[in-house]
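**Student:** Have a look at this one.
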Amino acid sequence: MRQFGGIELVASAAEFLRLRRVLLAVAALLSWGASGSVASAADMPLKAPPEPPPVLDIHGFIDVTFLNDYITPRGLLVHNTGLATQVAAGLIFDLYKSKTGFINGVSFNTGVWNDLWSEQHDPHVGSWNEFDWWVGMNVVFAQSWTFGVQYIEFIPPAADLPTSFQSTERNIEFSLAYDDTSWGWPISFHPYVKLFYEVIGPSTVVLGKRGDTFDVELGVVPTLDMKKYTGVRLVLTAPTWVTVGPTDYWNRADGTTNFCGPLGSLTAGTGSPCALSNAGVFSTGLQAKLGLDSIVPKRLGNWYIQGGARYYHIINDALLAAQELTSAASGVSTVNGTFPQTHRDVGVVFAGFGIGF
């Protein structure tokens, strides 16, 4: 029995030694695997940060403005009673951008503009006074200069009224502007020049040549950005300009424009010839535009409110007499006025809101 028992004891010791060797081998294998995993993790490259969202190459805007009068940039007072509501909307397509080349940007733009006059009361279109549409291109060059060209049509929804223009006016406008913000002055002036070429259609100032004529707008837009001083996205501007050009742009002087003088009247035909002049209108004003970033999240667009006042001085007598054929002299959409009823000095107050993206 001892022998048998001795044999059992020896066998148990041998098995223990084998088990010990197996456990040591497994431990060594696990230790090697762990060290290999750590080394592999250390050798792996860091995960790249997420790319910033792409910059949009399509931008747009909607602007709604309420005014007491509607007078064009060329100085034609269209209506001055009731409320004018003007709505513009457009898209801008950025086709090329470069920070280093001579050409820094090329973009195309298109849009529409509407004027609604509360006192028009047209039996067919109600308050819809004017509809414009345009398509254009801007080229930014030499970092600070912008050249633009725009084709624009003025369309009369209420052509049945005697105070409205009767058919579509087709025009091309060229512009050249300089951005002087890089000078570092507290106020930048943004000088510009525009050449407005009337291609065909009724005169855009009523008594001028019908097509193939032009005027030039010379202006500055003094600008004070309050954000760098207050942190508030408030921009103050004072747009100021004067228009000049050939006399026939305002007065075709063909015997059909004799509406000046104390007896000037379209219906009576008792007016005298209007003096010829190479100047049209002078205008200046003050405008405030407040961004609503602190109220409306940027993901919903760049919302703003704006308001201000503008002053216009009508230099050209024929441009003044044109008010007899719009509703500005009479104040009524169905009645033409007289020269004594015209307004040489015009004040416009306005307020509105809009969004850009």
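If you're wondering about the labels, chains in the structure tokens are A, B, ... by order shown, residues count from 1 in each chain, ligands from 1 in order shown.
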Find the residues around Leu67 of chain A up to 12 Å (only C-alpha atoms counted), leave out those fewer than 6 positions away in its own chain, and share them as a list in words.
**Tutor:**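 Counting only C-alpha atoms, the residues come to His79, Asn80, Thr81, Gly82, Leu83, Ala84, Thr85, Gln86, Val87, Asp115, Leu116, Trp117, Ser118, Gln306, Gly307, Gly308, Ala309, Arg310, Gly347, Val348, Val349, Phe350, Ala351 and Gly352 of chain A.
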**Student:** Pick out the residues sitting within 7 Å of Pro156 of chain A, and hand them over as a count of residues only; count only C-alpha atoms, and ignore anything fewer than 2 positions along from it in its own chain.
**Tutor:** 11
**Student:** If you run DSSP on this backbone, which residues of segment 282-345 of chain A come out as alpha helix (DSSP H), and could you give them as an NGL selection string?
**Tutor:** :A and (317-321)
**Student:** Compile the contact shell of Asp215 of chain A as a PyMOL selection string: residues with an atom at most 10 Å away, counting only C-alpha atoms, same-chain residues fewer than 5 positions apart removed.
**Tutor:** chain A and resi 74+173+194-198+243-250+278-280
**Student:** In segment 122-289 of chain A, what's strand (DSSP E or B) per DSSP? Answer as a tab-separated table (two decimals) with N, CA, C and O atoms, in the first residue's frame?
**Tutor:**
```
chain	number	residue	atom	x	y	z
A	122	ASP	N	-55.30	101.57	-57.04
A	122	ASP	CA	-55.53	101.19	-58.44
A	122	ASP	C	-56.57	100.07	-58.49
A	122	ASP	O	-56.49	99.12	-57.70
A	126	GLY	N	-54.16	97.49	-56.96
A	126	GLY	CA	-54.19	98.03	-55.60
A	126	GLY	C	-53.04	98.98	-55.32
A	126	GLY	O	-52.86	99.99	-56.00
A	128	TRP	N	-49.76	98.28	-55.53
A	128	TRP	CA	-48.51	97.89	-56.20
A	128	TRP	C	-48.11	98.96	-57.21
A	128	TRP	O	-48.68	99.07	-58.28
A	129	ASN	N	-47.09	99.74	-56.86
A	129	ASN	CA	-46.71	100.89	-57.68
A	129	ASN	C	-45.60	100.60	-58.67
A	129	ASN	O	-45.63	101.12	-59.80
A	130	GLU	N	-44.62	99.80	-58.27
A	130	GLU	CA	-43.46	99.57	-59.15
A	130	GLU	C	-42.85	98.21	-58.87
A	130	GLU	O	-42.79	97.77	-57.72
A	131	PHE	N	-42.37	97.56	-59.93
A	131	PHE	CA	-41.64	96.30	-59.82
A	131	PHE	C	-40.36	96.41	-60.63
A	131	PHE	O	-40.40	96.77	-61.80
A	132	ASP	N	-39.22	96.14	-59.99
A	132	ASP	CA	-37.93	96.14	-60.66
A	132	ASP	C	-37.28	94.77	-60.52
A	132	ASP	O	-37.49	94.07	-59.52
A	133	TRP	N	-36.48	94.40	-61.52
A	133	TRP	CA	-35.65	93.21	-61.38
A	133	TRP	C	-34.30	93.49	-62.00
A	133	TRP	O	-34.16	94.35	-62.87
A	134	TRP	N	-33.26	92.79	-61.53
A	134	TRP	CA	-31.92	93.05	-62.03
A	134	TRP	C	-31.08	91.78	-62.02
A	134	TRP	O	-31.37	90.81	-61.33
A	135	VAL	N	-30.02	91.84	-62.81
A	135	VAL	CA	-28.97	90.84	-62.80
A	135	VAL	C	-27.66	91.58	-63.01
A	135	VAL	O	-27.60	92.53	-63.79
A	136	GLY	N	-26.62	91.20	-62.27
A	136	GLY	CA	-25.38	91.95	-62.37
A	136	GLY	C	-24.16	91.15	-61.97
A	136	GLY	O	-24.25	89.97	-61.60
A	137	MET	N	-23.01	91.79	-62.05
A	137	MET	CA	-21.74	91.16	-61.72
A	137	MET	C	-20.85	92.18	-61.01
A	137	MET	O	-20.84	93.37	-61.36
A	138	ASN	N	-20.10	91.73	-60.01
A	138	ASN	CA	-19.12	92.56	-59.31
A	138	ASN	C	-17.75	91.90	-59.37
A	138	ASN	O	-17.64	90.67	-59.24
A	139	VAL	N	-16.73	92.71	-59.57
A	139	VAL	CA	-15.35	92.24	-59.58
A	139	VAL	C	-14.56	93.06	-58.56
A	139	VAL	O	-14.49	94.29	-58.67
A	140	VAL	N	-13.99	92.38	-57.56
A	140	VAL	CA	-13.13	93.03	-56.57
A	140	VAL	C	-11.69	92.87	-57.02
A	140	VAL	O	-11.25	91.75	-57.33
A	141	PHE	N	-10.95	93.98	-57.08
A	141	PHE	CA	-9.56	93.90	-57.54
A	141	PHE	C	-8.68	94.84	-56.71
A	141	PHE	O	-9.17	95.79	-56.08
A	145	TRP	N	-10.77	97.79	-54.47
A	145	TRP	CA	-11.62	98.35	-55.51
A	145	TRP	C	-12.67	97.35	-55.95
A	145	TRP	O	-12.42	96.15	-56.00
A	146	THR	N	-13.87	97.86	-56.27
A	146	THR	CA	-14.95	97.01	-56.79
A	146	THR	C	-15.55	97.65	-58.03
A	146	THR	O	-15.99	98.81	-57.99
A	147	PHE	N	-15.57	96.90	-59.11
A	147	PHE	CA	-16.24	97.33	-60.35
A	147	PHE	C	-17.51	96.51	-60.50
A	147	PHE	O	-17.49	95.28	-60.34
A	148	GLY	N	-18.60	97.18	-60.80
A	148	GLY	CA	-19.86	96.48	-60.97
A	148	GLY	C	-20.58	96.88	-62.24
A	148	GLY	O	-20.43	98.00	-62.73
A	149	VAL	N	-21.36	95.97	-62.78
A	149	VAL	CA	-22.23	96.26	-63.90
A	149	VAL	C	-23.56	95.55	-63.64
A	149	VAL	O	-23.58	94.41	-63.15
A	150	GLN	N	-24.65	96.23	-63.93
A	150	GLN	CA	-25.98	95.70	-63.60
A	150	GLN	C	-26.98	96.08	-64.68
A	150	GLN	O	-27.04	97.24	-65.10
A	151	TYR	N	-27.72	95.08	-65.12
A	151	TYR	CA	-28.86	95.35	-66.01
A	151	TYR	C	-30.11	95.35	-65.16
A	151	TYR	O	-30.35	94.42	-64.38
A	152	ILE	N	-30.93	96.41	-65.31
A	152	ILE	CA	-32.11	96.54	-64.44
A	152	ILE	C	-33.29	97.07	-65.25
A	152	ILE	O	-33.13	97.95	-66.11
A	153	GLU	N	-34.46	96.52	-64.97
A	153	GLU	CA	-35.70	96.97	-65.62
A	153	GLU	C	-36.65	97.52	-64.57
A	153	GLU	O	-36.82	96.94	-63.49
A	154	PHE	N	-37.29	98.66	-64.91
A	154	PHE	CA	-38.34	99.25	-64.09
A	154	PHE	C	-39.68	98.97	-64.79
A	154	PHE	O	-39.87	99.38	-65.94
A	155	ILE	N	-40.58	98.31	-64.09
A	155	ILE	CA	-41.84	97.86	-64.70
A	155	ILE	C	-43.01	98.49	-63.94
A	155	ILE	O	-43.04	98.43	-62.70
A	169	GLU	N	-38.93	100.42	-68.50
A	169	GLU	CA	-37.70	101.19	-68.70
A	169	GLU	C	-36.51	100.25	-68.53
A	169	GLU	O	-36.36	99.62	-67.47
A	170	ARG	N	-35.66	100.15	-69.54
A	170	ARG	CA	-34.53	99.22	-69.54
A	170	ARG	C	-33.22	100.00	-69.42
A	170	ARG	O	-32.98	100.92	-70.20
A	171	ASN	N	-32.39	99.59	-68.45
A	171	ASN	CA	-31.21	100.39	-68.10
A	171	ASN	C	-30.02	99.50	-67.76
A	171	ASN	O	-30.18	98.33	-67.40
A	172	ILE	N	-28.82	100.11	-67.86
A	172	ILE	CA	-27.58	99.45	-67.44
A	172	ILE	C	-26.83	100.44	-66.54
A	172	ILE	O	-26.71	101.62	-66.89
A	173	GLU	N	-26.36	99.95	-65.41
A	173	GLU	CA	-25.61	100.80	-64.49
A	173	GLU	C	-24.21	100.23	-64.27
A	173	GLU	O	-24.05	99.05	-63.97
A	174	PHE	N	-23.20	101.10	-64.42
A	174	PHE	CA	-21.81	100.76	-64.15
A	174	PHE	C	-21.38	101.48	-62.86
A	174	PHE	O	-21.75	102.63	-62.64
A	175	SER	N	-20.58	100.81	-62.06
A	175	SER	CA	-20.15	101.43	-60.80
A	175	SER	C	-18.69	101.11	-60.51
A	175	SER	O	-18.17	100.05	-60.91
A	176	LEU	N	-18.03	102.02	-59.81
A	176	LEU	CA	-16.66	101.82	-59.35
A	176	LEU	C	-16.59	102.39	-57.94
A	176	LEU	O	-16.90	103.56	-57.72
A	177	ALA	N	-16.18	101.55	-56.97
A	177	ALA	CA	-16.17	101.96	-55.57
A	177	ALA	C	-14.83	101.61	-54.94
A	177	ALA	O	-14.17	100.62	-55.33
A	178	TYR	N	-14.43	102.40	-53.96
A	178	TYR	CA	-13.17	102.17	-53.24
A	178	TYR	C	-13.46	101.97	-51.76
A	178	TYR	O	-14.18	102.76	-51.13
A	188	SER	N	-14.59	105.62	-42.16
A	188	SER	CA	-14.21	105.35	-43.54
A	188	SER	C	-15.22	106.04	-44.45
A	188	SER	O	-16.38	106.25	-44.07
A	192	TYR	N	-17.42	106.55	-54.34
A	192	TYR	CA	-17.86	105.75	-55.48
A	192	TYR	C	-18.33	106.66	-56.61
A	192	TYR	O	-18.60	107.86	-56.41
A	193	VAL	N	-18.46	106.08	-57.79
A	193	VAL	CA	-19.04	106.76	-58.93
A	193	VAL	C	-19.91	105.73	-59.68
A	193	VAL	O	-19.54	104.56	-59.78
A	194	LYS	N	-21.08	106.17	-60.13
A	194	LYS	CA	-21.98	105.32	-60.90
A	194	LYS	C	-22.37	106.02	-62.20
A	194	LYS	O	-22.64	107.22	-62.19
A	195	LEU	N	-22.39	105.26	-63.27
A	195	LEU	CA	-22.90	105.75	-64.54
A	195	LEU	C	-24.17	104.98	-64.86
A	195	LEU	O	-24.13	103.76	-65.07
A	196	PHE	N	-25.29	105.69	-64.88
A	196	PHE	CA	-26.59	105.08	-65.14
A	196	PHE	C	-26.97	105.36	-66.58
A	196	PHE	O	-27.23	106.52	-66.95
A	197	TYR	N	-26.98	104.32	-67.41
A	197	TYR	CA	-27.27	104.47	-68.83
A	197	TYR	C	-28.67	103.97	-69.13
A	197	TYR	O	-29.00	102.80	-68.88
A	198	GLU	N	-29.51	104.86	-69.62
A	198	GLU	CA	-30.88	104.50	-69.98
A	198	GLU	C	-30.88	103.99	-71.41
A	198	GLU	O	-30.63	104.74	-72.37
A	199	VAL	N	-31.16	102.71	-71.58
A	199	VAL	CA	-31.05	102.07	-72.89
A	199	VAL	C	-32.25	102.41	-73.77
A	199	VAL	O	-32.11	102.95	-74.87
A	200	ILE	N	-33.44	102.11	-73.28
A	200	ILE	CA	-34.64	102.30	-74.08
A	200	ILE	C	-35.85	102.34	-73.15
A	200	ILE	O	-35.83	101.79	-72.06
A	213	THR	N	-29.31	107.83	-73.22
A	213	THR	CA	-28.82	108.96	-72.44
A	213	THR	C	-28.38	108.44	-71.08
A	213	THR	O	-28.59	107.27	-70.75
A	214	PHE	N	-27.79	109.31	-70.27
A	214	PHE	CA	-27.22	108.82	-69.01
A	214	PHE	C	-27.09	109.96	-68.01
A	214	PHE	O	-27.16	111.14	-68.35
A	215	ASP	N	-26.88	109.57	-66.75
A	215	ASP	CA	-26.43	110.51	-65.73
A	215	ASP	C	-25.35	109.82	-64.90
A	215	ASP	O	-25.16	108.60	-64.97
A	216	VAL	N	-24.61	110.61	-64.14
A	216	VAL	CA	-23.50	110.11	-63.32
A	216	VAL	C	-23.76	110.50	-61.87
A	216	VAL	O	-24.08	111.65	-61.58
A	217	GLU	N	-23.61	109.54	-60.99
A	217	GLU	CA	-23.77	109.78	-59.56
A	217	GLU	C	-22.40	109.75	-58.89
A	217	GLU	O	-21.66	108.75	-58.99
A	218	LEU	N	-22.04	110.84	-58.22
A	218	LEU	CA	-20.78	110.95	-57.50
A	218	LEU	C	-21.09	110.98	-56.01
A	218	LEU	O	-21.83	111.85	-55.54
A	219	GLY	N	-20.54	110.04	-55.26
A	219	GLY	CA	-20.94	109.98	-53.86
A	219	GLY	C	-19.90	109.40	-52.92
A	219	GLY	O	-18.86	108.87	-53.34
A	220	VAL	N	-20.18	109.54	-51.65
A	220	VAL	CA	-19.41	108.93	-50.57
A	220	VAL	C	-20.40	108.37	-49.55
A	220	VAL	O	-21.55	108.82	-49.47
A	223	THR	N	-18.81	106.07	-42.95
A	223	THR	CA	-19.27	104.92	-42.16
A	223	THR	C	-18.51	104.85	-40.84
A	223	THR	O	-17.28	104.94	-40.81
A	224	LEU	N	-19.26	104.69	-39.75
A	224	LEU	CA	-18.68	104.52	-38.42
A	224	LEU	C	-19.20	103.21	-37.84
A	224	LEU	O	-20.40	103.07	-37.58
A	225	ASP	N	-18.30	102.25	-37.67
A	225	ASP	CA	-18.67	100.94	-37.11
A	225	ASP	C	-18.47	101.00	-35.60
A	225	ASP	O	-17.34	101.05	-35.11
A	234	LEU	N	-23.51	97.88	-34.33
A	234	LEU	CA	-24.24	99.07	-34.78
A	234	LEU	C	-23.37	99.83	-35.76
A	234	LEU	O	-22.22	100.19	-35.45
A	235	VAL	N	-23.91	100.08	-36.97
A	235	VAL	CA	-23.17	100.80	-38.01
A	235	VAL	C	-23.93	102.07	-38.36
A	235	VAL	O	-25.13	102.01	-38.67
A	236	LEU	N	-23.24	103.21	-38.32
A	236	LEU	CA	-23.81	104.50	-38.69
A	236	LEU	C	-23.24	104.91	-40.04
A	236	LEU	O	-22.02	104.87	-40.25
A	237	THR	N	-24.10	105.31	-40.97
A	237	THR	CA	-23.66	105.75	-42.29
A	237	THR	C	-24.34	107.07	-42.64
A	237	THR	O	-25.43	107.37	-42.13
A	240	THR	N	-24.15	110.26	-49.15
A	240	THR	CA	-24.21	111.61	-49.72
A	240	THR	C	-23.80	111.54	-51.18
A	240	THR	O	-22.78	110.93	-51.51
A	241	TRP	N	-24.60	112.16	-52.05
A	241	TRP	CA	-24.27	112.12	-53.47
A	241	TRP	C	-24.90	113.28	-54.22
A	241	TRP	O	-25.80	113.95	-53.73
A	242	VAL	N	-24.39	113.48	-55.45
A	242	VAL	CA	-24.95	114.45	-56.38
A	242	VAL	C	-24.94	113.80	-57.76
A	242	VAL	O	-24.06	112.98	-58.07
A	243	THR	N	-25.94	114.13	-58.58
A	243	THR	CA	-26.00	113.58	-59.94
A	243	THR	C	-25.73	114.67	-60.97
A	243	THR	O	-26.20	115.81	-60.82
A	244	VAL	N	-24.98	114.33	-62.00
A	244	VAL	CA	-24.66	115.23	-63.10
A	244	VAL	C	-24.78	114.46	-64.41
A	244	VAL	O	-24.80	113.23	-64.42
A	260	CYS	N	-42.70	124.37	-66.64
A	260	CYS	CA	-42.15	125.19	-65.56
A	260	CYS	C	-42.88	126.53	-65.46
A	260	CYS	O	-43.74	126.85	-66.28
A	265	SER	N	-48.53	123.66	-65.99
A	265	SER	CA	-49.58	122.67	-65.74
A	265	SER	C	-49.69	121.76	-66.95
A	265	SER	O	-49.70	122.24	-68.09
A	272	SER	N	-43.97	127.30	-69.10
A	272	SER	CA	-42.87	127.85	-69.88
A	272	SER	C	-41.75	126.81	-69.94
A	272	SER	O	-41.72	125.87	-69.13
A	279	ALA	N	-26.95	119.39	-63.76
A	279	ALA	CA	-27.01	118.78	-62.42
A	279	ALA	C	-28.44	118.35	-62.14
A	279	ALA	O	-29.40	118.99	-62.59
A	280	GLY	N	-28.59	117.27	-61.39
A	280	GLY	CA	-29.91	116.74	-61.11
A	280	GLY	C	-30.38	116.93	-59.69
A	280	GLY	O	-31.29	117.70	-59.40
A	281	VAL	N	-29.76	116.22	-58.74
A	281	VAL	CA	-30.20	116.24	-57.35
A	281	VAL	C	-29.01	116.10	-56.43
A	281	VAL	O	-27.99	115.49	-56.78
A	282	PHE	N	-29.12	116.70	-55.25
A	282	PHE	CA	-28.15	116.50	-54.18
A	282	PHE	C	-28.87	115.83	-53.02
A	282	PHE	O	-30.00	116.20	-52.68
A	283	SER	N	-28.22	114.86	-52.39
A	283	SER	CA	-28.85	114.16	-51.27
A	283	SER	C	-27.83	113.83	-50.20
A	283	SER	O	-26.65	113.55	-50.50
A	284	THR	N	-28.26	113.87	-48.96
A	284	THR	CA	-27.45	113.42	-47.83
A	284	THR	C	-28.39	112.91	-46.75
A	284	THR	O	-29.60	113.16	-46.79
A	285	GLY	N	-27.85	112.21	-45.78
A	285	GLY	CA	-28.71	111.68	-44.72
A	285	GLY	C	-27.91	110.93	-43.68
A	285	GLY	O	-26.67	110.87	-43.74
A	286	LEU	N	-28.62	110.35	-42.73
A	286	LEU	CA	-28.01	109.58	-41.66
A	286	LEU	C	-28.82	108.31	-41.45
A	286	LEU	O	-30.06	108.36	-41.37
A	287	GLN	N	-28.11	107.20	-41.37
A	287	GLN	CA	-28.78	105.90	-41.23
A	287	GLN	C	-28.08	105.09	-40.15
A	287	GLN	O	-26.86	105.10	-40.03
A	288	ALA	N	-28.88	104.37	-39.34
A	288	ALA	CA	-28.36	103.47	-38.31
A	288	ALA	C	-28.84	102.06	-38.60
A	288	ALA	O	-30.02	101.85	-38.89
A	289	LYS	N	-27.92	101.10	-38.50
A	289	LYS	CA	-28.26	99.70	-38.76
A	289	LYS	C	-27.74	98.86	-37.59
A	289	LYS	O	-26.53	98.87	-37.31
```
**Student:** Give me, as an MDAnalysis selection string, all polymer residues having an atom no more than 9 Å from Leu77 of chain A, counting only C-alpha atoms and skipping those fewer than 4 positions away in the same chain.
**Tutor:** chainID A and resid 69:72 319:320 322:323 326:329 343 346
**Student:** Work out how far atom CA of Leu276 of chain A is from atom CA of Val335 of chain A, in Å to one decimal.
**Tutor:**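 These two atoms are separated by 26.6 Å.
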**Student:** Which distance in Å separates atom CA of Ala253 of chain A and atom CA of Leu76 of chain A, to one decimal?
**Tutor:** 17.9 Å
**Student:** Using atom CA of Leu300 of chain A and atom CA of Thr110 of chain A as the two end points, give the distance in Å to one decimal.
**Tutor:**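 Between these atoms lies a distance of 22.0 Å.
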**Student:** From the list A:Pro123, A:Gly75, A:Gly111, A:Pro340, which residue is nearest Leu263 of chain A when using only C-alpha atoms?
**Tutor:**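 Smallest distance to Leu263 of chain A is found for A:Pro340.
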**Student:** Quick one: of A:Ser182, A:Trp113, A:Phe93, A:Leu292, who's nearest to Val232 of chain A, counting only C-alpha atoms?
**Tutor:**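 Closest candidate: A:Leu292.
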**Student:** Using only C-alpha atoms, which residue out of A:Ser98, A:Asn336, A:Asn302, A:Asn114 lies closest to Phe353 of chain A?
**Tutor:** A:Asn302
